[in-house]
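Take a look at the structure below.
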Amino acid sequence: MLISIFFAHFSFGQERDTVHRVDLSLISQVNQGNSYITFPTDIGNIEPIWFEGNLIPNFYLRKNKNSRLMGVLIPQIIIRMYQERSMPIRSSSYIPQFALYFLLKEKSNEKKTSVFGKIAHHSNGQDVNFFLENGDINTKSGDFSTNYFEAGIIKTNFNKQLNAYQFFKSSLKVHPQSWSAAELKGIYSTIRWHNAFSIFKLSNTNIARKQRSANISVKGEVIWQFGDFNNWESTSIKRLNLNFTFYYHPNFLEDIGLFVQYYHGLDYYNMYFNHQLNVLRFGIMTEKMRF
């Protein structure tokens, strides 16, 4: 309700824009996320870093833009530069993926239903022992490796009143034990239920650029982690990951905008997977919705 009121405020008094066409490439971009770089102003319990960079190029395999079936190659890399001597970038996360998207149902350009399947590898390119001599996890140079597959559904809807696209995704991600490093058994969740809701408020393209309002988006993600790990109860709140991102793309910037993000839950950065984060961060981010 509060989100609707917020976006209604920005669209009040504007002439309604025409409905843009959303194809599978845009749907996949929203699902995959986008590239960003954080500022060294994180507020929370994350290790002091100069920045975190998330690089997500997309390579599309399809017959044409109107195809209902599309493959995507995604060589994703996440890096963190630490505020230490020589400013090291340790154990980057390498997450190459291959995904298939299929447009299952299209009532109109305003309402679509898509399904997707993905297979991915997540490692840090290290080969040192997973554990230190004292039994602690070797976060600096330990060998982290896991593979997983994910399947889910994406609902797309255009809200004419808000001049905004809305996306809802629900998916299940599975890390088979035989596909992961043996050391992860009992300390790493093997089944994860992902849910995400996004709203992309679009500027009016029927008026001069200088008079347009900025593009704005809000995305909320909820992840519940199943499986027997860390001796946590099946209903423990520690299994919950939350991510809320607000993105603002002003008119004076062509390809990037500013974002603020709140993240609560287990760390997603390879060997730091056992760290509980509670962090507020700021940075710049690439535009998702491009027409």
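Starting from 1 in every chain, residues are counted up; chains themselves are A, B, ... following the order of the structure tokens, and ligands are numbered from 1 as listed.
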Where does segment 213-271 of chain A meet segment 35-51 of chain A within 12 Å, residue by residue, with the nearest atom pair and distance in Å to one decimal for each, counting only C-alpha atoms, listed by chain and rising number, as CSV?
```
residue,atom,partner,partner_atom,distance
A:Thr245,CA,A:Tyr36,CA,11.8
A:Tyr247,CA,A:Tyr36,CA,11.0
A:Asp255,CA,A:Ser35,CA,11.2
A:Ile256,CA,A:Tyr36,CA,8.9
A:Gly257,CA,A:Tyr36,CA,9.5
A:Leu258,CA,A:Tyr36,CA,9.3
A:Phe259,CA,A:Thr38,CA,8.8
A:Val260,CA,A:Thr38,CA,9.1
A:Gln261,CA,A:Thr38,CA,9.7
A:Tyr262,CA,A:Ile43,CA,9.4
A:Tyr263,CA,A:Gly44,CA,9.5
A:His264,CA,A:Gly44,CA,9.8
A:Gly265,CA,A:Asn45,CA,11.3
A:Leu266,CA,A:Ile46,CA,11.0
A:Asp267,CA,A:Ile46,CA,9.0
A:Tyr268,CA,A:Ile46,CA,11.8
A:Tyr269,CA,A:Ile46,CA,11.1
```
(Q) Env of His121 of chain A: 7 Å cut, atoms = only C-alpha atoms, seq-sep filter 6 positions within chain, self excluded. Answer as a VMD selection string. (A) chain A and resid 95 to 97 146 to 148
Q: For segment 190-195 of chain A, please output as a ChimeraX atom specification all residues within 8 Å (counting only C-alpha atoms; exclusion window: fewer than 6 positions along the same chain).
A: /A:168-177,221-227
Put those residues in a file: N, CA and C atoms, as an mmCIF file, in the first residue's frame.
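Printed below is result-v4.cif as written:
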```
data_model
loop_
_atom_site.group_PDB
_atom_site.id
_atom_site.type_symbol
_atom_site.label_atom_id
_atom_site.label_comp_id
_atom_site.auth_asym_id
_atom_site.auth_seq_id
_atom_site.Cartn_x
_atom_site.Cartn_y
_atom_site.Cartn_z
ATOM 1 N N PHE A 168 6.912 -10.363 -10.448
ATOM 2 C CA PHE A 168 6.960 -11.250 -9.280
ATOM 3 C C PHE A 168 7.621 -12.553 -9.705
ATOM 4 N N LYS A 169 8.633 -12.957 -8.949
ATOM 5 C CA LYS A 169 9.341 -14.202 -9.237
ATOM 6 C C LYS A 169 9.313 -15.120 -8.028
ATOM 7 N N SER A 170 9.102 -16.401 -8.285
ATOM 8 C CA SER A 170 9.237 -17.420 -7.247
ATOM 9 C C SER A 170 10.011 -18.579 -7.851
ATOM 10 N N SER A 171 11.060 -19.017 -7.159
ATOM 11 C CA SER A 171 11.896 -20.080 -7.704
ATOM 12 C C SER A 171 12.488 -20.927 -6.592
ATOM 13 N N LEU A 172 12.949 -22.104 -6.955
ATOM 14 C CA LEU A 172 13.605 -23.026 -6.034
ATOM 15 C C LEU A 172 15.009 -23.294 -6.550
ATOM 16 N N LYS A 173 15.991 -23.085 -5.685
ATOM 17 C CA LYS A 173 17.394 -23.312 -6.034
ATOM 18 C C LYS A 173 17.908 -24.509 -5.234
ATOM 19 N N VAL A 174 18.531 -25.463 -5.940
ATOM 20 C CA VAL A 174 18.986 -26.695 -5.305
ATOM 21 C C VAL A 174 20.482 -26.886 -5.551
ATOM 22 N N HIS A 175 21.226 -27.116 -4.456
ATOM 23 C CA HIS A 175 22.648 -27.427 -4.511
ATOM 24 C C HIS A 175 22.822 -28.903 -4.141
ATOM 25 N N PRO A 176 22.848 -29.818 -5.106
ATOM 26 C CA PRO A 176 23.055 -31.234 -4.763
ATOM 27 C C PRO A 176 24.385 -31.421 -4.034
ATOM 28 N N GLN A 177 24.384 -32.247 -2.988
ATOM 29 C CA GLN A 177 25.595 -32.425 -2.201
ATOM 30 C C GLN A 177 26.755 -32.942 -3.039
ATOM 31 N N GLU A 221 13.385 -8.780 -1.939
ATOM 32 C CA GLU A 221 13.667 -10.202 -2.085
ATOM 33 C C GLU A 221 13.606 -10.889 -0.721
ATOM 34 N N VAL A 222 13.023 -12.082 -0.722
ATOM 35 C CA VAL A 222 12.948 -12.904 0.476
ATOM 36 C C VAL A 222 13.438 -14.305 0.115
ATOM 37 N N ILE A 223 14.403 -14.815 0.862
ATOM 38 C CA ILE A 223 14.955 -16.146 0.626
ATOM 39 C C ILE A 223 14.853 -16.952 1.909
ATOM 40 N N TRP A 224 14.280 -18.151 1.808
ATOM 41 C CA TRP A 224 14.232 -19.068 2.951
ATOM 42 C C TRP A 224 15.114 -20.267 2.638
ATOM 43 N N GLN A 225 15.990 -20.593 3.578
ATOM 44 C CA GLN A 225 16.974 -21.648 3.367
ATOM 45 C C GLN A 225 16.567 -22.927 4.098
ATOM 46 N N PHE A 226 16.389 -23.995 3.326
ATOM 47 C CA PHE A 226 16.013 -25.287 3.884
ATOM 48 C C PHE A 226 17.263 -26.150 4.081
ATOM 49 N N GLY A 227 17.055 -27.325 4.622
ATOM 50 C CA GLY A 227 18.147 -28.277 4.785
ATOM 51 C C GLY A 227 18.686 -28.306 6.200
#
```
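Using only C-alpha atoms, the contacts of Ser25 of chain A at a cut-off of 9 Å, with sequence neighbours closer than 6 positions omitted, comprise Asn58, Tyr60, Lys65, Met70, Val72 and Tyr101 of chain A.
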Just write the chosen residues, N, CA and C atoms, as a PDB file, in the first residue's frame.
```pdb
ATOM      1  N   ASN A  58      25.245 -10.109 -20.165  1.00  0.00           N
ATOM      2  CA  ASN A  58      24.300 -11.111 -20.649  1.00  0.00           C
ATOM      3  C   ASN A  58      24.532 -11.354 -22.138  1.00  0.00           C
ATOM      4  N   TYR A  60      22.752 -13.305 -25.229  1.00  0.00           N
ATOM      5  CA  TYR A  60      21.474 -13.927 -25.552  1.00  0.00           C
ATOM      6  C   TYR A  60      21.592 -14.881 -26.734  1.00  0.00           C
ATOM      7  N   LYS A  65      14.048 -11.159 -31.495  1.00  0.00           N
ATOM      8  CA  LYS A  65      13.542 -10.549 -30.266  1.00  0.00           C
ATOM      9  C   LYS A  65      12.136 -11.002 -29.901  1.00  0.00           C
ATOM     10  N   MET A  70      14.421 -18.563 -25.178  1.00  0.00           N
ATOM     11  CA  MET A  70      15.680 -17.837 -25.233  1.00  0.00           C
ATOM     12  C   MET A  70      16.657 -18.431 -24.232  1.00  0.00           C
ATOM     13  N   VAL A  72      20.425 -17.767 -22.212  1.00  0.00           N
ATOM     14  CA  VAL A  72      21.265 -16.655 -21.757  1.00  0.00           C
ATOM     15  C   VAL A  72      22.526 -17.219 -21.105  1.00  0.00           C
ATOM     16  N   TYR A 101      14.798 -19.365 -20.832  1.00  0.00           N
ATOM     17  CA  TYR A 101      13.540 -18.694 -20.533  1.00  0.00           C
ATOM     18  C   TYR A 101      12.509 -19.066 -21.602  1.00  0.00           C
TER      19      TYR A 101
END
```
Q.
Quick check for you: according to DSSP on this backbone, which residues of segment 22-255 of chain A are classed as helix (DSSP H, G or I)? Reply as an MDAnalysis selection string.
A. chainID A and resid 24:32 177:179 182:184 209:211 237:239
Let me see the file: selected residues, C-alpha atoms, as a PDB file, in the first residue's frame.
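Okay, this is what ended up in out-v1.pdb:
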```
ATOM      1  CA  LEU A  24      12.277 -12.118 -22.675  1.00  0.00           C
ATOM      2  CA  SER A  25      15.585 -10.228 -22.601  1.00  0.00           C
ATOM      3  CA  LEU A  26      14.141  -7.577 -20.268  1.00  0.00           C
ATOM      4  CA  ILE A  27      12.448 -10.230 -18.145  1.00  0.00           C
ATOM      5  CA  SER A  28      15.761 -12.077 -17.798  1.00  0.00           C
ATOM      6  CA  GLN A  29      17.592  -8.851 -16.858  1.00  0.00           C
ATOM      7  CA  VAL A  30      15.123  -8.125 -14.080  1.00  0.00           C
ATOM      8  CA  ASN A  31      15.411 -11.698 -12.839  1.00  0.00           C
ATOM      9  CA  GLN A  32      19.196 -11.815 -13.010  1.00  0.00           C
ATOM     10  CA  GLN A 177      25.595 -32.425  -2.201  1.00  0.00           C
ATOM     11  CA  SER A 178      27.512 -34.368  -4.851  1.00  0.00           C
ATOM     12  CA  TRP A 179      27.894 -31.123  -6.850  1.00  0.00           C
ATOM     13  CA  ALA A 182      32.486 -32.019   0.704  1.00  0.00           C
ATOM     14  CA  GLU A 183      33.395 -29.496   3.429  1.00  0.00           C
ATOM     15  CA  LEU A 184      30.105 -27.625   2.862  1.00  0.00           C
ATOM     16  CA  ARG A 209      13.563  14.699 -22.019  1.00  0.00           C
ATOM     17  CA  LYS A 210      14.292  17.700 -19.796  1.00  0.00           C
ATOM     18  CA  GLN A 211      10.700  17.626 -18.517  1.00  0.00           C
ATOM     19  CA  ILE A 237      14.700 -16.931  11.770  1.00  0.00           C
ATOM     20  CA  LYS A 238      18.417 -17.231  10.932  1.00  0.00           C
ATOM     21  CA  ARG A 239      17.353 -19.090   7.769  1.00  0.00           C
TER      22      ARG A 239
END
```
Q) Tell me, which residues of segment 140-258 of chain A carry DSSP strand (DSSP E), written as a PyMOL selection string? A) chain A and resi 145-159+164-174+191-201+215-226+240-249+256-258
